[in-house]
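Participant: Can you keep this structure in mind? I'll have questions shortly.
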Amino acid sequence: MSPRPGLGPKPHLGYTQSRIERAAERRSDDAAMSAFAADARTGAYVIGGEWIVTKKGISLNDPLFAMAEARALGASSETIFLGLLDGAARFGYGIAPAAAEVLKTRDGFLVTDLRSIAVQGLVDGAHLPPIAEAKAVLHWHARHRFCPNCGAATQVVQGGWRRDCATCKAQHFPRTDPVVIMLAIDSERCLLGRSPRFVPTMWSCLAGFVEPGESIEDAVHRETREEAGIVCGRVVYFASQPWPFPTSLMIGCHAEALSRDIVVDREELEDARWFGKDEVVAMLMRMHPQGLTTPPPVAIAHHIIRAWVEDEISFD
């Protein structure tokens with residue numbers, strides 16, 4: 001067998017390695033929040049629902065606005081303190097989705113969704129983690145304006161990182177939903193599946209939400225068995241990725257397949273099958289004879305698959 005072609009330098013995993021210090025200890029300091037909002041060095045990411053507002057550039061677009069610029073784009077639904085970058089504050093500035101839609105018609109702005117920004121490289125990659133942070137927290141606020149305990153309206157406190165109910169005194173915090181995303185391995189083959197939501201050529205790792213009272217390993221075993229009928233044994237952790245669609249944490253794993261016969265759950269997957277390493281290399285390199293592909297480098301699935309191809313995984 002001829003050697004497999006090299007895949008080149010490893011790409012960066014999207015939405016990770018934020019340069020921002022979250023400075024959680026400053027969130028309760030209202031005076032500091034006011035001073036940050038008035039500081040000329042402060043920057044804000046403007047988000048309207050699923051839409052991210054950027055200033056058009058020649059090669060890259062700029063998603064960072066001065067606070068005065070952000071306010072001029074629309075009234076804020078919530079303003080979230082994201083943290084400090086070299087001493088300068090960063091905020092997420094939420095506007096109504098309808099206001100973001102209007103900005104699409106104005107010269108000088110590019111308003112689009114975060115997936116497109118990340119996959120197409122429309123902004124400098126250093127902006128992706130704080131945009132993801134802001135988008136996820138603002139999404140939570142949009143759906144938690146009333147107390148789930150008593151139904152009363154809640155108030156934003158702690159720089160946007162908590163909502164308090166004045167009626168029953170309950171405190172509510174942004175949530176993150178853990179999701180396992182795993183590659184089942186049978187020696188020189190791996191298991192990939194197709195969701196009906198995927199573009200027609202793409203195959204990826206299986207994934208599913210971790211249920212209450214369930215460990216990561218148990219969730220990997222359960223989801224792989226439920227979706228594809230494959231029983232797995234040993235599980236090794238690979239890496240994690242914030243996934244702001246809307247508020248998940250992807251927990252990447254590799255799993256040792258103990259069975260081989262696939263039984264697809266058609267309510268979850270369109271299809272699933274085993275792929276050999278040479279075929280997966282062709283998919284990663286966009287050179288597959290049938291045009292099959294893996295997810296783009298911004299997604300953790302790409303990195304999970306590539307690590308297996310490059311023989312970086314061991315169950316020992």
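Residues are referred to by chain and number: the chain letter is A, B, ... according to the order shown in the structure tokens, the number counts from 1 in that chain, and ligands are numbered separately from 1 in the order shown.
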Based on the backbone DSSP call, show me all residues of range 26-265 of chain A assigned strand (DSSP E or B), as a PyMOL selection string.
Facilitator: chain A and resi 43-48+51-55+61-62+64-66+79-85+88-94+109-113+123+146+153-157+162-165+171-172+177-186+189-194+202+204+206-209+232-243+248-257
Participant: Near Trp308 in chain A, counting only C-alpha atoms, which residues have an atom at most 9 Å away, once you skip same-chain residues fewer than 2 positions from it, shown as a PDB file with all heavy atoms, in the first residue's frame?
Facilitator:
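Result written to part26.pdb:
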```
ATOM      1  N   LEU A 183     -16.111   9.100  17.723  1.00  0.00           N
ATOM      2  CA  LEU A 183     -15.748   8.289  16.571  1.00  0.00           C
ATOM      3  C   LEU A 183     -15.513   6.870  17.053  1.00  0.00           C
ATOM      4  O   LEU A 183     -14.566   6.599  17.803  1.00  0.00           O
ATOM      5  CB  LEU A 183     -14.472   8.838  15.920  1.00  0.00           C
ATOM      6  CG  LEU A 183     -14.072   8.178  14.596  1.00  0.00           C
ATOM      7  CD1 LEU A 183     -15.081   8.560  13.504  1.00  0.00           C
ATOM      8  CD2 LEU A 183     -12.666   8.591  14.189  1.00  0.00           C
ATOM      9  N   ILE A 185     -14.229   3.205  16.546  1.00  0.00           N
ATOM     10  CA  ILE A 185     -13.098   2.714  15.766  1.00  0.00           C
ATOM     11  C   ILE A 185     -13.052   1.199  15.806  1.00  0.00           C
ATOM     12  O   ILE A 185     -13.117   0.590  16.877  1.00  0.00           O
ATOM     13  CB  ILE A 185     -11.782   3.292  16.318  1.00  0.00           C
ATOM     14  CG1 ILE A 185     -11.780   4.824  16.199  1.00  0.00           C
ATOM     15  CG2 ILE A 185     -10.578   2.689  15.608  1.00  0.00           C
ATOM     16  CD1 ILE A 185     -10.672   5.482  16.979  1.00  0.00           C
ATOM     17  N   CYS A 190     -13.468   3.349  10.681  1.00  0.00           N
ATOM     18  CA  CYS A 190     -14.202   4.171  11.638  1.00  0.00           C
ATOM     19  C   CYS A 190     -15.653   4.281  11.192  1.00  0.00           C
ATOM     20  O   CYS A 190     -15.986   4.095  10.009  1.00  0.00           O
ATOM     21  CB  CYS A 190     -13.578   5.559  11.773  1.00  0.00           C
ATOM     22  SG  CYS A 190     -13.864   6.656  10.365  1.00  0.00           S
ATOM     23  N   HIS A 254     -12.984   9.219  21.348  1.00  0.00           N
ATOM     24  CA  HIS A 254     -12.842   8.055  20.476  1.00  0.00           C
ATOM     25  C   HIS A 254     -13.291   6.840  21.268  1.00  0.00           C
ATOM     26  O   HIS A 254     -13.060   6.751  22.481  1.00  0.00           O
ATOM     27  CB  HIS A 254     -11.390   7.882  20.034  1.00  0.00           C
ATOM     28  CG  HIS A 254     -10.899   8.998  19.156  1.00  0.00           C
ATOM     29  ND1 HIS A 254     -10.331  10.147  19.680  1.00  0.00           N
ATOM     30  CD2 HIS A 254     -10.901   9.157  17.800  1.00  0.00           C
ATOM     31  CE1 HIS A 254      -9.994  10.951  18.681  1.00  0.00           C
ATOM     32  NE2 HIS A 254     -10.327  10.379  17.542  1.00  0.00           N
ATOM     33  N   LYS A 277      -9.297   4.046   6.388  1.00  0.00           N
ATOM     34  CA  LYS A 277      -8.480   5.252   6.550  1.00  0.00           C
ATOM     35  C   LYS A 277      -8.173   5.943   5.228  1.00  0.00           C
ATOM     36  O   LYS A 277      -8.216   7.177   5.139  1.00  0.00           O
ATOM     37  CB  LYS A 277      -7.178   4.916   7.281  1.00  0.00           C
ATOM     38  CG  LYS A 277      -7.349   4.785   8.795  1.00  0.00           C
ATOM     39  CD  LYS A 277      -6.011   4.759   9.506  1.00  0.00           C
ATOM     40  CE  LYS A 277      -6.241   4.726  11.021  1.00  0.00           C
ATOM     41  NZ  LYS A 277      -4.957   4.719  11.770  1.00  0.00           N
ATOM     42  N   HIS A 303     -11.421  17.352  13.668  1.00  0.00           N
ATOM     43  CA  HIS A 303     -10.201  17.086  14.439  1.00  0.00           C
ATOM     44  C   HIS A 303     -10.221  15.678  15.039  1.00  0.00           C
ATOM     45  O   HIS A 303      -9.179  15.023  15.127  1.00  0.00           O
ATOM     46  CB  HIS A 303     -10.055  18.142  15.523  1.00  0.00           C
ATOM     47  CG  HIS A 303      -9.921  19.537  14.973  1.00  0.00           C
ATOM     48  ND1 HIS A 303      -8.719  20.209  14.932  1.00  0.00           N
ATOM     49  CD2 HIS A 303     -10.841  20.368  14.416  1.00  0.00           C
ATOM     50  CE1 HIS A 303      -8.901  21.399  14.388  1.00  0.00           C
ATOM     51  NE2 HIS A 303     -10.189  21.518  14.072  1.00  0.00           N
ATOM     52  N   ILE A 304     -11.388  15.222  15.461  1.00  0.00           N
ATOM     53  CA  ILE A 304     -11.520  13.858  15.984  1.00  0.00           C
ATOM     54  C   ILE A 304     -11.172  12.843  14.901  1.00  0.00           C
ATOM     55  O   ILE A 304     -10.429  11.880  15.133  1.00  0.00           O
ATOM     56  CB  ILE A 304     -12.958  13.624  16.500  1.00  0.00           C
ATOM     57  CG1 ILE A 304     -13.250  14.518  17.704  1.00  0.00           C
ATOM     58  CG2 ILE A 304     -13.169  12.155  16.860  1.00  0.00           C
ATOM     59  CD1 ILE A 304     -14.712  14.515  18.118  1.00  0.00           C
ATOM     60  N   ILE A 305     -11.702  13.065  13.712  1.00  0.00           N
ATOM     61  CA  ILE A 305     -11.456  12.148  12.587  1.00  0.00           C
ATOM     62  C   ILE A 305      -9.993  12.196  12.171  1.00  0.00           C
ATOM     63  O   ILE A 305      -9.355  11.157  11.965  1.00  0.00           O
ATOM     64  CB  ILE A 305     -12.387  12.504  11.409  1.00  0.00           C
ATOM     65  CG1 ILE A 305     -13.853  12.249  11.788  1.00  0.00           C
ATOM     66  CG2 ILE A 305     -12.018  11.710  10.163  1.00  0.00           C
ATOM     67  CD1 ILE A 305     -14.857  12.877  10.830  1.00  0.00           C
ATOM     68  N   ARG A 306      -9.456  13.379  12.072  1.00  0.00           N
ATOM     69  CA  ARG A 306      -8.060  13.520  11.633  1.00  0.00           C
ATOM     70  C   ARG A 306      -7.095  12.868  12.627  1.00  0.00           C
ATOM     71  O   ARG A 306      -6.110  12.244  12.222  1.00  0.00           O
ATOM     72  CB  ARG A 306      -7.721  14.991  11.440  1.00  0.00           C
ATOM     73  CG  ARG A 306      -6.263  15.216  11.081  1.00  0.00           C
ATOM     74  CD  ARG A 306      -6.001  16.613  10.592  1.00  0.00           C
ATOM     75  NE  ARG A 306      -4.569  16.861  10.500  1.00  0.00           N
ATOM     76  CZ  ARG A 306      -4.006  17.809   9.776  1.00  0.00           C
ATOM     77  NH1 ARG A 306      -4.768  18.630   9.066  1.00  0.00           N
ATOM     78  NH2 ARG A 306      -2.698  17.970   9.744  1.00  0.00           N
ATOM     79  N   GLU A 310      -4.333  10.005  11.609  1.00  0.00           N
ATOM     80  CA  GLU A 310      -2.901  10.214  11.821  1.00  0.00           C
ATOM     81  C   GLU A 310      -2.336   9.372  12.964  1.00  0.00           C
ATOM     82  O   GLU A 310      -1.246   9.637  13.470  1.00  0.00           O
ATOM     83  CB  GLU A 310      -2.637  11.700  12.046  1.00  0.00           C
ATOM     84  CG  GLU A 310      -2.971  12.530  10.818  1.00  0.00           C
ATOM     85  CD  GLU A 310      -2.668  14.008  10.951  1.00  0.00           C
ATOM     86  OE1 GLU A 310      -2.761  14.523  12.079  1.00  0.00           O
ATOM     87  OE2 GLU A 310      -2.353  14.639   9.938  1.00  0.00           O
ATOM     88  N   ASP A 311      -3.108   8.352  13.363  1.00  0.00           N
ATOM     89  CA  ASP A 311      -2.645   7.347  14.329  1.00  0.00           C
ATOM     90  C   ASP A 311      -2.245   7.966  15.672  1.00  0.00           C
ATOM     91  O   ASP A 311      -1.277   7.542  16.306  1.00  0.00           O
ATOM     92  CB  ASP A 311      -1.470   6.553  13.757  1.00  0.00           C
ATOM     93  CG  ASP A 311      -1.829   5.781  12.495  1.00  0.00           C
ATOM     94  OD1 ASP A 311      -2.936   5.189  12.468  1.00  0.00           O
ATOM     95  OD2 ASP A 311      -1.035   5.779  11.548  1.00  0.00           O
ATOM     96  N   GLU A 312      -3.028   8.955  16.109  1.00  0.00           N
ATOM     97  CA  GLU A 312      -2.731   9.594  17.383  1.00  0.00           C
ATOM     98  C   GLU A 312      -3.557   9.031  18.532  1.00  0.00           C
ATOM     99  O   GLU A 312      -3.434   9.505  19.665  1.00  0.00           O
ATOM    100  CB  GLU A 312      -2.996  11.103  17.258  1.00  0.00           C
ATOM    101  CG  GLU A 312      -2.097  11.810  16.246  1.00  0.00           C
ATOM    102  CD  GLU A 312      -2.437  13.275  16.094  1.00  0.00           C
ATOM    103  OE1 GLU A 312      -3.390  13.728  16.747  1.00  0.00           O
ATOM    104  OE2 GLU A 312      -1.743  13.964  15.334  1.00  0.00           O
ATOM    105  N   ILE A 313      -4.378   8.027  18.268  1.00  0.00           N
ATOM    106  CA  ILE A 313      -5.309   7.506  19.264  1.00  0.00           C
ATOM    107  C   ILE A 313      -4.883   6.117  19.720  1.00  0.00           C
ATOM    108  O   ILE A 313      -4.538   5.258  18.910  1.00  0.00           O
ATOM    109  CB  ILE A 313      -6.740   7.452  18.697  1.00  0.00           C
ATOM    110  CG1 ILE A 313      -7.139   8.827  18.161  1.00  0.00           C
ATOM    111  CG2 ILE A 313      -7.729   6.977  19.754  1.00  0.00           C
ATOM    112  CD1 ILE A 313      -7.002   9.954  19.148  1.00  0.00           C
TER     113      ILE A 313
END
```
Participant: Could you tell me which of A:Gly193, A:Gly43, A:Gly14, A:Pro296 comes closest to Ala88 in chain A if we count only C-alpha atoms?
Facilitator: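 Using only C-alpha atoms, the shortest distance to Ala88 in chain A belongs to A:Gly43.
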Participant: Please provide as a list of chain:residue names all residues within 10 Å of Cys147 in chain A, with the sequence filter that same-chain residues fewer than 3 positions apart are discarded (counting only C-alpha atoms).
Facilitator: A:His144, A:Cys150, A:Gly151, A:Ala152, A:Ala153, A:Thr154, A:Gln155, A:Arg163, A:Asp164, A:Cys165, A:Ala166, A:Thr167, A:Cys168, A:Lys169, A:Ala170, A:Gln171, A:His172
Participant: Write out, as a short mmCIF file (atom, residue, chain, number, x, y, z; two decimals), in the first residue's frame, the residues just selected, with all heavy atoms.
Facilitator:
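again-v1.cif, written as the output of this step:
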```cif
data_model
loop_
_atom_site.label_atom_id
_atom_site.label_comp_id
_atom_site.auth_asym_id
_atom_site.auth_seq_id
_atom_site.Cartn_x
_atom_site.Cartn_y
_atom_site.Cartn_z
N HIS A 144 -35.15 33.47 28.96
CA HIS A 144 -35.29 33.36 30.42
C HIS A 144 -35.64 34.70 31.05
O HIS A 144 -35.11 35.07 32.10
CB HIS A 144 -34.00 32.80 31.03
CG HIS A 144 -33.76 31.37 30.70
ND1 HIS A 144 -33.22 30.97 29.49
CD2 HIS A 144 -34.00 30.23 31.39
CE1 HIS A 144 -33.13 29.65 29.46
NE2 HIS A 144 -33.60 29.18 30.59
N CYS A 150 -41.64 30.92 39.57
CA CYS A 150 -42.91 31.56 39.93
C CYS A 150 -43.56 32.33 38.78
O CYS A 150 -44.71 32.77 38.90
CB CYS A 150 -42.72 32.49 41.12
SG CYS A 150 -41.81 34.02 40.73
N GLY A 151 -42.83 32.53 37.68
CA GLY A 151 -43.40 33.21 36.52
C GLY A 151 -43.22 34.71 36.49
O GLY A 151 -43.60 35.35 35.51
N ALA A 152 -42.65 35.30 37.52
CA ALA A 152 -42.45 36.75 37.55
C ALA A 152 -41.29 37.15 36.63
O ALA A 152 -40.41 36.34 36.32
CB ALA A 152 -42.16 37.21 38.97
N ALA A 153 -41.29 38.41 36.21
CA ALA A 153 -40.20 38.91 35.38
C ALA A 153 -38.89 38.91 36.19
O ALA A 153 -38.90 39.18 37.40
CB ALA A 153 -40.51 40.32 34.89
N THR A 154 -37.80 38.60 35.53
CA THR A 154 -36.49 38.57 36.19
C THR A 154 -35.65 39.76 35.74
O THR A 154 -35.89 40.36 34.69
CB THR A 154 -35.74 37.28 35.86
OG1 THR A 154 -35.66 37.12 34.44
CG2 THR A 154 -36.45 36.07 36.46
N GLN A 155 -34.63 40.09 36.54
CA GLN A 155 -33.76 41.23 36.28
C GLN A 155 -32.33 40.76 36.03
O GLN A 155 -31.85 39.82 36.67
CB GLN A 155 -33.78 42.19 37.47
CG GLN A 155 -35.17 42.72 37.82
CD GLN A 155 -35.79 43.52 36.69
OE1 GLN A 155 -35.12 44.34 36.04
NE2 GLN A 155 -37.07 43.27 36.43
N ARG A 163 -29.72 36.16 36.31
CA ARG A 163 -31.00 36.83 36.35
C ARG A 163 -31.63 36.52 37.71
O ARG A 163 -31.67 35.37 38.13
CB ARG A 163 -31.93 36.36 35.22
CG ARG A 163 -31.43 36.72 33.83
CD ARG A 163 -32.47 36.41 32.77
NE ARG A 163 -33.52 37.41 32.76
CZ ARG A 163 -33.58 38.42 31.88
NH1 ARG A 163 -32.64 38.55 30.95
NH2 ARG A 163 -34.57 39.29 31.92
N ASP A 164 -32.12 37.55 38.38
CA ASP A 164 -32.71 37.40 39.71
C ASP A 164 -34.21 37.66 39.65
O ASP A 164 -34.68 38.54 38.90
CB ASP A 164 -32.09 38.39 40.70
CG ASP A 164 -30.68 38.00 41.10
OD1 ASP A 164 -30.22 36.92 40.67
OD2 ASP A 164 -30.03 38.78 41.83
N CYS A 165 -34.94 36.89 40.44
CA CYS A 165 -36.38 37.08 40.57
C CYS A 165 -36.65 37.83 41.87
O CYS A 165 -36.34 37.32 42.96
CB CYS A 165 -37.10 35.74 40.57
SG CYS A 165 -38.89 35.90 40.79
N ALA A 166 -37.20 39.03 41.77
CA ALA A 166 -37.49 39.82 42.96
C ALA A 166 -38.66 39.26 43.75
O ALA A 166 -38.80 39.52 44.96
CB ALA A 166 -37.79 41.27 42.57
N THR A 167 -39.49 38.44 43.11
CA THR A 167 -40.69 37.92 43.77
C THR A 167 -40.38 36.73 44.67
O THR A 167 -40.72 36.71 45.85
CB THR A 167 -41.75 37.52 42.73
OG1 THR A 167 -42.08 38.67 41.95
CG2 THR A 167 -43.01 36.99 43.40
N CYS A 168 -39.71 35.70 44.12
CA CYS A 168 -39.43 34.50 44.92
C CYS A 168 -37.96 34.38 45.31
O CYS A 168 -37.57 33.40 45.94
CB CYS A 168 -39.89 33.25 44.18
SG CYS A 168 -38.87 32.81 42.76
N LYS A 169 -37.15 35.37 44.90
CA LYS A 169 -35.72 35.45 45.26
C LYS A 169 -34.86 34.36 44.60
O LYS A 169 -33.71 34.15 45.00
CB LYS A 169 -35.53 35.39 46.78
CG LYS A 169 -36.39 36.36 47.57
CD LYS A 169 -36.21 37.80 47.10
CE LYS A 169 -37.09 38.76 47.91
NZ LYS A 169 -37.01 40.15 47.38
N ALA A 170 -35.38 33.69 43.60
CA ALA A 170 -34.58 32.67 42.91
C ALA A 170 -33.52 33.34 42.04
O ALA A 170 -33.71 34.45 41.53
CB ALA A 170 -35.47 31.79 42.04
N GLN A 171 -32.39 32.68 41.91
CA GLN A 171 -31.31 33.15 41.05
C GLN A 171 -31.15 32.16 39.90
O GLN A 171 -31.16 30.95 40.10
CB GLN A 171 -30.00 33.26 41.83
CG GLN A 171 -30.04 34.28 42.95
CD GLN A 171 -28.74 34.32 43.73
OE1 GLN A 171 -27.95 33.37 43.71
NE2 GLN A 171 -28.50 35.42 44.42
N HIS A 172 -30.97 32.69 38.69
CA HIS A 172 -30.88 31.84 37.50
C HIS A 172 -29.60 32.16 36.74
O HIS A 172 -29.26 33.33 36.55
CB HIS A 172 -32.10 32.06 36.61
CG HIS A 172 -33.40 31.88 37.34
ND1 HIS A 172 -33.88 30.64 37.71
CD2 HIS A 172 -34.31 32.79 37.79
CE1 HIS A 172 -35.03 30.79 38.34
NE2 HIS A 172 -35.31 32.08 38.40
#
```
Participant: With a distance cut-off of 10 Å and only C-alpha atoms, select the neighbouring residues of Leu128 in chain A, excluding the residue or stretch itself and same-chain residues fewer than 3 positions from it, and output the selection as a list in words.
Facilitator: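 Non-adjacent residues within range: Gly14, Tyr15, Thr16, Gln17, Ser18, Pro63, Leu114, Ile117, Ala118, Gly121, Val123, Asp124, Gly125, Ile131, Ala132, Glu133 and Ala134 of chain A.
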Participant: Apply DSSP to the backbone of this structure and, from range 160-260 of chain A, keep only the residues in helix (DSSP H, G or I); write these as a list in words.
Facilitator: Gly160, Ile216, Glu217, Asp218, Ala219, Val220, His221, Arg222, Glu223, Thr224, Arg225, Glu226, Glu227 and Ala228 of chain A
Participant: Would you mind reading off the distance between CA of Thr224 in chain A and CA of Pro212 in chain A, one decimal, in Å?
Facilitator: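 Result for CA of Thr224 in chain A versus CA of Pro212 in chain A: 17.5 Å, one decimal.
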Participant: Report the closest atom pair, with its distance in Å rounded to one decimal, for each residue of range 130-246 of chain A that has an atom no farther than 9 Å from range 24-34 of chain A; count only C-alpha atoms, sort by chain and then rising residue number, and write it as a Markdown table.
Facilitator:
```
| residue | atom | partner | partner_atom | distance |
| --- | --- | --- | --- | --- |
| A:Val157 | CA | A:Ser28 | CA | 7.5 |
| A:Gln158 | CA | A:Arg27 | CA | 4.7 |
| A:Gly159 | CA | A:Arg27 | CA | 4.8 |
| A:Gly160 | CA | A:Arg27 | CA | 8.0 |
| A:Trp161 | CA | A:Arg27 | CA | 7.7 |
```
Participant: Find the residues near Ser77 in chain A: any atom within 9 Å, counting only C-alpha atoms, skip ones fewer than 6 places away on the same chain, and give them as number ranges by chain.
Facilitator: A: 93-96, 138, 141-142
Participant: Deliver the residues from the most recent selection as a file, using all heavy atoms, as a PDB file, in the first residue's frame.
Facilitator:
```pdb
ATOM      1  N   TYR A  93     -23.263  42.865  22.887  1.00  0.00           N
ATOM      2  CA  TYR A  93     -24.338  43.862  22.834  1.00  0.00           C
ATOM      3  C   TYR A  93     -25.487  43.283  22.020  1.00  0.00           C
ATOM      4  O   TYR A  93     -25.372  43.099  20.804  1.00  0.00           O
ATOM      5  CB  TYR A  93     -23.795  45.148  22.197  1.00  0.00           C
ATOM      6  CG  TYR A  93     -24.735  46.331  22.217  1.00  0.00           C
ATOM      7  CD1 TYR A  93     -24.758  47.218  23.288  1.00  0.00           C
ATOM      8  CD2 TYR A  93     -25.597  46.575  21.148  1.00  0.00           C
ATOM      9  CE1 TYR A  93     -25.604  48.312  23.299  1.00  0.00           C
ATOM     10  CE2 TYR A  93     -26.448  47.670  21.147  1.00  0.00           C
ATOM     11  CZ  TYR A  93     -26.442  48.533  22.225  1.00  0.00           C
ATOM     12  OH  TYR A  93     -27.292  49.624  22.238  1.00  0.00           O
ATOM     13  N   GLY A  94     -26.560  42.949  22.699  1.00  0.00           N
ATOM     14  CA  GLY A  94     -27.699  42.322  22.040  1.00  0.00           C
ATOM     15  C   GLY A  94     -28.678  43.336  21.497  1.00  0.00           C
ATOM     16  O   GLY A  94     -29.094  44.248  22.214  1.00  0.00           O
ATOM     17  N   ILE A  95     -29.055  43.181  20.228  1.00  0.00           N
ATOM     18  CA  ILE A  95     -30.102  44.008  19.638  1.00  0.00           C
ATOM     19  C   ILE A  95     -31.206  43.083  19.128  1.00  0.00           C
ATOM     20  O   ILE A  95     -31.030  41.866  19.032  1.00  0.00           O
ATOM     21  CB  ILE A  95     -29.577  44.894  18.489  1.00  0.00           C
ATOM     22  CG1 ILE A  95     -29.032  44.032  17.336  1.00  0.00           C
ATOM     23  CG2 ILE A  95     -28.505  45.851  18.999  1.00  0.00           C
ATOM     24  CD1 ILE A  95     -28.605  44.841  16.110  1.00  0.00           C
ATOM     25  N   ALA A  96     -32.343  43.655  18.800  1.00  0.00           N
ATOM     26  CA  ALA A  96     -33.452  42.855  18.287  1.00  0.00           C
ATOM     27  C   ALA A  96     -33.074  42.258  16.935  1.00  0.00           C
ATOM     28  O   ALA A  96     -32.424  42.919  16.120  1.00  0.00           O
ATOM     29  CB  ALA A  96     -34.703  43.718  18.143  1.00  0.00           C
ATOM     30  N   LEU A 138     -26.471  35.602  25.287  1.00  0.00           N
ATOM     31  CA  LEU A 138     -27.614  36.407  24.847  1.00  0.00           C
ATOM     32  C   LEU A 138     -28.797  35.525  24.454  1.00  0.00           C
ATOM     33  O   LEU A 138     -29.959  35.886  24.699  1.00  0.00           O
ATOM     34  CB  LEU A 138     -27.200  37.302  23.678  1.00  0.00           C
ATOM     35  CG  LEU A 138     -26.275  38.469  24.048  1.00  0.00           C
ATOM     36  CD1 LEU A 138     -25.693  39.109  22.806  1.00  0.00           C
ATOM     37  CD2 LEU A 138     -27.021  39.505  24.891  1.00  0.00           C
ATOM     38  N   HIS A 141     -30.531  34.629  27.666  1.00  0.00           N
ATOM     39  CA  HIS A 141     -31.344  35.734  28.181  1.00  0.00           C
ATOM     40  C   HIS A 141     -32.662  35.858  27.429  1.00  0.00           C
ATOM     41  O   HIS A 141     -33.711  36.109  28.041  1.00  0.00           O
ATOM     42  CB  HIS A 141     -30.560  37.053  28.068  1.00  0.00           C
ATOM     43  CG  HIS A 141     -29.587  37.268  29.170  1.00  0.00           C
ATOM     44  ND1 HIS A 141     -29.965  37.551  30.468  1.00  0.00           N
ATOM     45  CD2 HIS A 141     -28.232  37.221  29.176  1.00  0.00           C
ATOM     46  CE1 HIS A 141     -28.885  37.691  31.229  1.00  0.00           C
ATOM     47  NE2 HIS A 141     -27.816  37.490  30.461  1.00  0.00           N
ATOM     48  N   ALA A 142     -32.614  35.694  26.126  1.00  0.00           N
ATOM     49  CA  ALA A 142     -33.824  35.859  25.325  1.00  0.00           C
ATOM     50  C   ALA A 142     -34.905  34.866  25.711  1.00  0.00           C
ATOM     51  O   ALA A 142     -36.096  35.115  25.478  1.00  0.00           O
ATOM     52  CB  ALA A 142     -33.488  35.717  23.838  1.00  0.00           C
TER      53      ALA A 142
END
```
Participant: Between A:Leu284, A:Cys232, A:Leu206, A:Ala239, single out the one closest to Asp265 in chain A, counting only C-alpha atoms.
Facilitator: A:Leu206
